Structure formats: structure tokens, C-alpha cells
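Structure data (mmCIF, C-alpha atoms) from work-v5.cif:
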data_entry
loop_
_atom_site.label_atom_id
_atom_site.label_comp_id
_atom_site.auth_asym_id
_atom_site.auth_seq_id
_atom_site.Cartn_x
_atom_site.Cartn_y
_atom_site.Cartn_z
CA MET A 10 272.57 -25.58 141.01
CA ALA A 11 274.97 -26.79 138.29
CA VAL A 12 277.95 -26.23 140.59
CA GLU A 13 276.24 -28.08 143.40
CA GLU A 14 275.61 -31.03 141.09
CA ALA A 15 279.23 -30.95 139.90
CA MET A 16 280.34 -31.05 143.55
CA GLY A 17 278.67 -34.45 143.78
CA GLY A 18 275.41 -33.22 145.23
CA LYS A 19 274.33 -31.99 148.65
CA ILE A 20 275.09 -33.69 151.93
CA ASP A 21 271.77 -35.14 152.91
CA ALA A 22 271.79 -34.37 156.64
CA ARG A 23 269.09 -35.98 158.78
CA PRO A 24 267.63 -35.04 162.13
CA ASP A 25 267.85 -38.62 163.46
CA LEU A 26 270.40 -41.43 163.57
CA GLY A 27 269.11 -43.26 160.50
CA THR A 28 269.97 -46.72 159.26
CA THR A 29 272.69 -48.39 157.27
CA LYS A 30 272.81 -48.18 153.48
CA LYS A 31 274.17 -50.57 150.87
CA PHE A 32 277.91 -51.03 151.38
CA ASP A 33 280.40 -52.09 148.74
CA VAL A 34 283.98 -52.46 149.96
CA ASP A 35 285.38 -52.28 146.41
CA ASN A 36 283.62 -48.95 145.81
CA LEU A 37 285.01 -47.66 149.11
CA ARG A 38 288.52 -48.82 148.22
CA GLU A 39 288.41 -47.27 144.73
CA SER A 40 286.94 -43.97 145.87
CA SER A 41 289.43 -43.78 148.74
CA LYS A 42 292.33 -44.06 146.28
CA GLU A 43 290.99 -41.14 144.25
CA ALA A 44 290.24 -39.04 147.34
CA ALA A 45 293.69 -39.83 148.78
CA LYS A 46 295.33 -38.28 145.69
CA VAL A 47 293.24 -35.13 146.19
CA VAL A 48 294.17 -34.86 149.87
CA ARG A 49 297.86 -35.34 149.06
CA LYS A 50 297.60 -32.49 146.52
CA GLU A 51 295.89 -30.29 149.14
CA ASN A 52 298.56 -31.09 151.71
CA GLU A 53 301.36 -30.30 149.23
CA HIS A 54 299.66 -27.00 148.42
CA SER A 55 299.30 -26.01 152.08
CA ASN A 56 302.94 -26.96 152.77
CA ASN A 57 304.22 -24.68 149.98
CA MET B 16 302.77 -58.74 174.89
CA SER B 17 300.48 -59.38 171.92
CA ILE B 18 298.57 -56.70 170.02
CA PRO B 19 294.82 -57.40 169.86
CA THR B 20 293.15 -57.95 166.50
CA ILE B 21 290.48 -55.56 165.20
CA ASP B 22 287.86 -58.24 165.92
CA GLN B 23 288.94 -58.40 169.57
CA CYS B 24 288.98 -54.60 169.86
CA ILE B 25 285.46 -54.03 168.55
CA GLU B 26 283.82 -57.01 170.20
CA GLY B 27 280.45 -56.08 171.69
CA THR B 28 279.81 -53.10 169.40
CA GLU B 29 277.38 -54.91 167.10
CA ARG B 30 274.54 -52.80 165.61
CA LYS B 31 275.74 -49.63 167.30
CA HIS B 32 276.04 -46.26 165.59
CA ILE B 33 279.69 -45.27 165.15
CA LEU B 34 280.28 -41.52 165.02
CA LEU B 35 283.38 -40.66 162.95
CA ASP B 36 285.74 -37.81 163.82
CA THR B 37 287.58 -35.90 161.05
CA CYS B 38 290.87 -37.62 161.92
CA PHE B 39 289.39 -40.95 160.79
CA PHE B 40 288.71 -39.61 157.28
CA CYS B 41 292.21 -38.10 157.00
CA ASP B 42 294.07 -41.08 158.47
CA CYS B 43 292.10 -43.50 156.32
CA LEU B 44 293.16 -41.66 153.15
CA LEU B 45 296.79 -41.34 154.29
CA SER B 46 296.78 -45.06 154.93
CA VAL B 47 295.36 -45.78 151.46
CA GLU B 48 298.16 -43.61 150.00
CA ARG B 49 300.63 -46.00 151.64
CA ASN B 50 298.79 -48.94 150.03
CA GLU B 51 297.61 -50.13 153.44
CA GLU B 52 294.31 -51.95 153.89
CA GLU B 53 293.87 -51.56 157.63
CA PHE B 54 291.33 -48.72 157.66
CA ILE B 55 289.29 -50.24 154.83
CA GLU B 56 289.37 -53.51 156.77
CA LEU B 57 288.12 -51.77 159.93
CA VAL B 58 285.19 -50.23 158.02
CA LYS B 59 284.43 -53.66 156.53
CA LYS B 60 284.43 -55.21 160.02
CA PHE B 61 282.01 -52.55 161.28
CA LYS B 62 279.73 -53.20 158.33
CA GLU B 63 279.82 -56.95 158.95
CA ARG B 64 278.61 -56.20 162.49
CA ASN B 65 275.72 -54.10 161.17
CA ASN B 66 277.21 -50.92 162.59
CA ILE B 67 275.86 -47.68 161.18
CA LEU B 68 278.57 -45.15 160.34
CA VAL B 69 277.50 -41.58 161.00
CA THR B 70 279.09 -38.19 161.32
CA ILE B 71 278.02 -34.59 161.84
CA TYR B 72 277.94 -31.72 159.40
CA PRO B 73 280.92 -29.83 160.97
CA VAL B 74 283.13 -32.91 160.48
CA ALA B 75 282.03 -33.05 156.83
CA LEU B 76 283.02 -29.39 156.44
CA GLU B 77 286.46 -30.06 157.95
CA PHE B 78 286.93 -32.95 155.54
CA PHE B 79 285.73 -31.15 152.41
CA ARG B 80 287.52 -27.84 152.92
CA GLY B 81 290.65 -27.31 150.84
CA SER B 82 289.37 -28.65 147.50
CA ASP B 83 290.62 -26.56 144.62
CA LEU B 84 288.59 -27.97 141.73
CA LEU B 85 285.08 -29.36 141.37
CA SER B 86 286.58 -32.69 140.28
CA ASP B 87 288.58 -32.80 143.55
CA PHE B 88 285.47 -32.06 145.58
CA ARG B 89 283.55 -34.76 143.69
CA LYS B 90 286.20 -37.39 144.45
CA LYS B 91 286.06 -36.59 148.15
CA LYS B 92 282.26 -36.63 148.04
CA LYS B 93 282.25 -40.06 146.41
CA PHE B 94 284.48 -41.44 149.16
CA TYR B 95 282.35 -39.72 151.82
CA ASP B 96 279.15 -41.20 150.36
CA ASN B 97 280.68 -44.69 150.22
CA LEU B 98 281.80 -44.45 153.85
CA ILE B 99 279.00 -42.64 155.69
CA ASP B 100 275.48 -43.98 156.19
CA THR B 101 273.98 -40.86 157.74
CA THR B 102 275.11 -37.27 158.27
CA LEU B 103 273.46 -35.79 161.34
CA HIS B 104 271.92 -32.36 161.64
CA ILE B 105 273.28 -29.87 164.12
CA ASP B 106 270.08 -28.65 165.71
CA GLN B 107 269.48 -26.29 168.62
CA ASN B 108 269.48 -29.25 170.99
CA ILE B 109 273.05 -30.19 169.99
CA LEU B 110 274.17 -26.57 170.31
CA ASN B 111 272.65 -26.41 173.80
CA GLU B 112 274.46 -29.63 174.79
CA ALA B 113 277.74 -28.26 173.38
CA TYR B 114 277.22 -25.10 175.42
CA THR B 115 276.87 -27.19 178.59
CA LEU B 116 279.90 -29.29 177.64
CA THR B 117 282.12 -26.18 177.54
CA MET B 118 281.44 -25.94 181.29
CA LEU B 119 281.83 -29.68 181.96
CA TYR B 120 285.28 -29.63 180.32
CA ARG B 121 286.10 -26.77 182.72
CA ASN B 122 289.43 -25.10 181.84
CA LYS B 123 290.24 -27.88 179.32
CA SER B 124 287.56 -26.53 176.94
CA LYS B 125 289.96 -23.73 175.99
CA ASP B 126 291.89 -26.17 173.77
CA VAL B 127 288.91 -28.06 172.33
CA SER B 128 287.51 -27.12 168.90
CA PRO B 129 283.81 -26.32 168.38
CA THR B 130 283.61 -29.41 166.13
CA ASP B 131 284.81 -31.62 169.00
CA LEU B 132 282.33 -30.00 171.38
CA MET B 133 279.57 -30.75 168.88
CA LEU B 134 280.79 -34.36 168.54
CA GLY B 135 280.65 -34.64 172.33
CA ALA B 136 277.20 -33.07 172.35
CA THR B 137 276.05 -35.57 169.71
CA LEU B 138 277.31 -38.42 171.91
CA LYS B 139 275.35 -36.94 174.78
CA LYS B 140 272.15 -36.43 172.78
CA TYR B 141 272.13 -40.01 171.47
CA SER B 142 273.65 -41.70 174.53
CA HIS B 143 270.37 -43.63 175.01
CA ALA B 144 271.01 -45.30 171.63
CA GLY B 145 274.52 -46.43 172.65
CA ILE B 146 276.28 -44.31 170.03
CA LEU B 147 280.11 -44.50 170.09
CA LEU B 148 282.65 -41.95 168.86
CA LEU B 149 285.65 -43.22 166.88
CA THR B 150 288.65 -40.89 167.25
CA ARG B 151 292.36 -40.90 167.93
CA ASP B 152 292.30 -37.47 169.60
CA HIS B 153 292.08 -38.81 173.13
CA SER B 154 292.79 -35.52 174.89
CA ASP B 155 289.78 -33.86 173.20
CA PHE B 156 287.45 -36.41 174.81
CA PRO B 157 288.72 -36.68 178.40
CA VAL B 158 287.86 -39.75 180.45
CA LYS B 159 286.68 -37.40 183.19
CA ILE B 160 283.55 -36.92 181.03
CA PHE B 161 283.54 -39.81 178.53
CA ASP B 162 284.04 -43.56 178.91
CA ARG B 163 286.68 -45.12 176.69
CA GLN B 164 284.98 -48.36 175.62
CA ALA B 165 287.67 -49.80 173.36
CA VAL B 166 291.12 -49.08 172.00
CA ILE B 167 291.96 -49.94 168.39
CA PRO B 168 295.66 -49.90 167.44
CA MET B 169 296.11 -49.13 163.74
CA GLN B 170 299.57 -50.21 162.61
CA HIS B 171 301.30 -48.77 159.56
CA THR B 172 303.71 -50.42 157.15
CA ASN B 173 306.35 -47.79 158.05
CA GLY B 174 306.33 -49.03 161.64
CA GLY B 175 304.13 -46.26 163.01
CA ILE B 176 300.97 -46.78 165.01
CA ASP B 177 297.83 -44.72 165.66
CA THR B 178 295.66 -45.60 168.60
CA PHE B 179 292.00 -45.02 167.89
CA ALA B 180 289.38 -45.41 170.60
CA LEU B 181 285.62 -45.75 170.91
CA PHE B 182 284.14 -43.31 173.43
CA LYS B 183 280.67 -43.03 174.89
CA TYR B 184 279.11 -40.30 176.98
CA SER B 185 278.88 -40.95 180.71
CA THR B 186 275.85 -39.51 182.48
CA ASP B 187 277.31 -40.71 185.82
CA LYS B 188 280.48 -38.68 185.28
CA GLU B 189 278.38 -35.71 184.18
CA ALA B 190 276.42 -35.87 187.44
CA GLU B 191 279.66 -36.02 189.45
CA ILE B 192 281.12 -32.98 187.66
CA TYR B 193 277.89 -31.01 188.19
CA LYS B 194 278.01 -31.87 191.89
CA ASN B 195 281.61 -30.68 192.18
CA LEU B 196 280.92 -27.52 190.20
CA LEU B 197 277.98 -26.60 192.42
CA ARG B 198 279.99 -27.34 195.57
CA ALA B 199 282.82 -25.09 194.33
CA ASP B 200 280.31 -22.41 193.36
CA LYS B 201 278.81 -22.42 196.85
CA LYS B 202 282.26 -21.80 198.32
CA THR B 203 283.00 -18.89 196.00
CA LYS B 204 279.65 -17.29 196.94
CA ARG B 205 280.51 -17.27 200.62
#
Render the structure in this file as C-alpha cells.
Amino acid sequence: MAVEEAMGGKIDARPDLGTTKKFDVDNLRESSKEAAKVVRKENEHSNN
Amino acid sequence: MSIPTIDQCIEGTERKHILLDTCFFCDCLLSVERNEEEFIELVKKFKERNNILVTIYPVALEFFRGSDLLSDFRKKKKFYDNLIDTTLHIDQNILNEAYTLTMLYRNKSKDVSPTDLMLGATLKKYSHAGILLLTRDHSDFPVKIFDRQAVIPMQHTNGGIDTFALFKYSTDKEAEIYKNLLRADKKTKR
């Protein structure tokens, strides 16, 4: 459970299409910068 | 010849569910790495049109795999949560549709990943709701089965360009393929 929480929680999959949730473009931009660094690290690792 | 703006490309897609392929996640982050705003801008435009951004669990797995540390995973999860409104279940219905799609693709299904078949099956299942798939992997969603509704050119600062498209499932094309398959089957039985 602790690991799952540290992963950022479960993916809450739904059986139907669902609706939109609150969107904040600044949050998306900031989180994308952090995630981009992670993906670059992963790509460098897989290229070596 | 002029290149259409994002607004022109996604005109008429208001309030629709947009199903994201894995390539969108990856290209979006590569673009952010290059300090580009185009993908963030596209998401913003969808949100302004009350579009609902969804994906399926197999796409999420493709995006999340490769993380070495919990902190890495968390960062990807935060981005995922900020981007996606709803992650859809893969239920037996979707698996059944994907099974049928492997036949509709005919010999082309050999080169299509199970994730893409499940994306196609999701389009089919929710076709009544007008759901659209956003992808740049055009060959994985052939226009023999799907309708390409819009093309969205994403230009990069280094001069490159990726052409994304919005696809929907075509029940008319499905019926035509079934007809041809049954006709061919009749001949082989003779």
C-alpha cells in the first residue's frame, strides 16, 4: 500500500466515458516539465 | 499553401470525448523538453471546447513503463492526472470488439499492437457517443475501417512536423468489409 501511495496512487479506471474534471493549464505545464525530464532519463537509459 | 491553425483543425469537435494514444503523451513531453508550447496549447483548446480527454488502461501502462524510481513514477502520474479526465476500463466487451477488429484489419492486423486494437475497439464501443481518437500513427488506424475526421499539424521549433489526426469508427465501412469477407468466404468454400 505504501508503495502504491508513493507511486502517486492508483489509476482510477471507470467503466463509462465519464465527464471532465477541473483543468489548470499551469499545473499541466509544470507537471509536464517534470515528467519530460523523467522520460528523457528513461530514453537515455534505454539507448545505453 | 497556408497551414491551418489548431482552431481550424478541431472545429466541430466541441464536447466530444477525445481518446489519447500513447504517442500523444510521449510527443507532448518531447515537445515540452524543447520548450515548445504547441501540445499544451492543443490540450488547452480542447478544454476550452469542453472536450473530455480519456484514454484506456493499456495506453497508461505503455506510458508508465520504464520508471526507475518511485519519484519518477510520481512525476509521470502527476502529469497523467493533470491531462486525463477519465481512464477507461478494458472490459470483456472491448476485448470482444478487439477480437473482431483483428479480422476487419485482415492481413494488416499482423503489424498492429494489441493496445491499438483495444483503442480501435474502444472507438467502436463508444461510436454512438461520437468519441474521437487522437493519434499520429495513421497506418495503425486505416481509413478502410476508420474515418479520419481532422488532421492537426504539430510544428516543432527545429523545423520538424508531426501530423496528428482525429479518427472515428465507421460502421458503414465495417458493414462493407463484412460483406466482402463473407463473399470471399463463400468462394473459398466452393
- request: Identify which of the residues A:Asn52, A:Glu13, A:Asp25, A:Lys19 lies closest to B:Asp106, counting all atoms listed in the file when measuring atom-to-atom distances.
  value: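 Under the stated criterion, the closest residue is A:Asp25.
Rounded to one decimal, atom CA of B:Leu57 and atom CA of B:Tyr141 lie 23.0 Å from each other.
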**OP:** Find the residues in chain A near chain B: any atom within 6 Å counts, using all atoms listed in the file. Write them as a PyMOL selection string.
**Re:** chain A and resi 16-17+22-24+29-30+37+40-41+44-45+47
What would the selection look like, as a PyMOL selection string, if the PyMOL selection byres ((chain B and resi 22-26) around 9) were run on the coordinates I just shared? chain B and resi 19-21+27-29+57+60-61+165-168+181
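Picture a line from atom CA of B:Thr37 to atom CA of B:Leu148; it runs 11.0 Å.
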Taken to one decimal, the atom CA of A:Asp35-atom CA of B:Gly175 distance is 25.8 Å
TODO: In the coordinate frame of the file, compute which residues have an atom within 6 Å of (288.0, -42.4, 169.9) when using all atoms listed in the file, and state them as JSON, numbers by chain.
DONE: {"B": [148, 149, 150, 151, 179, 180, 181, 182]}
ask   = B:Pro157, B:Gly145, B:Pro73, B:Pro129: which is nearest B:Lys183, counting all atoms listed in the file?
value =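 For B:Lys183, the nearest of the candidates is B:Gly145.
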task: Kindly indicate which residue among B:Leu35, B:Leu119, B:Ile109, B:Val74 lies nearest to B:Glu191, using all atoms listed in the file for the distances.
output: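 Closest residue, counting all atoms listed in the file: B:Leu119.
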- With distances taken over only C-alpha atoms, which of A:Asp21, A:Ala15, A:Lys46, A:Leu26 is nearest to B:Thr137?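 Of A:Asp21, A:Ala15, A:Lys46, A:Leu26, the one nearest B:Thr137 is A:Leu26, counting only C-alpha atoms.
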Please provide as a VMD selection string all residues within 12 Å of B:Thr115, with the sequence filter that same-chain residues fewer than 2 positions apart are discarded (counting all atoms listed in the file). chain B and resid 108 to 113 117 to 121 124 132 to 133 135 to 136 139 to 140 189 192 to 193
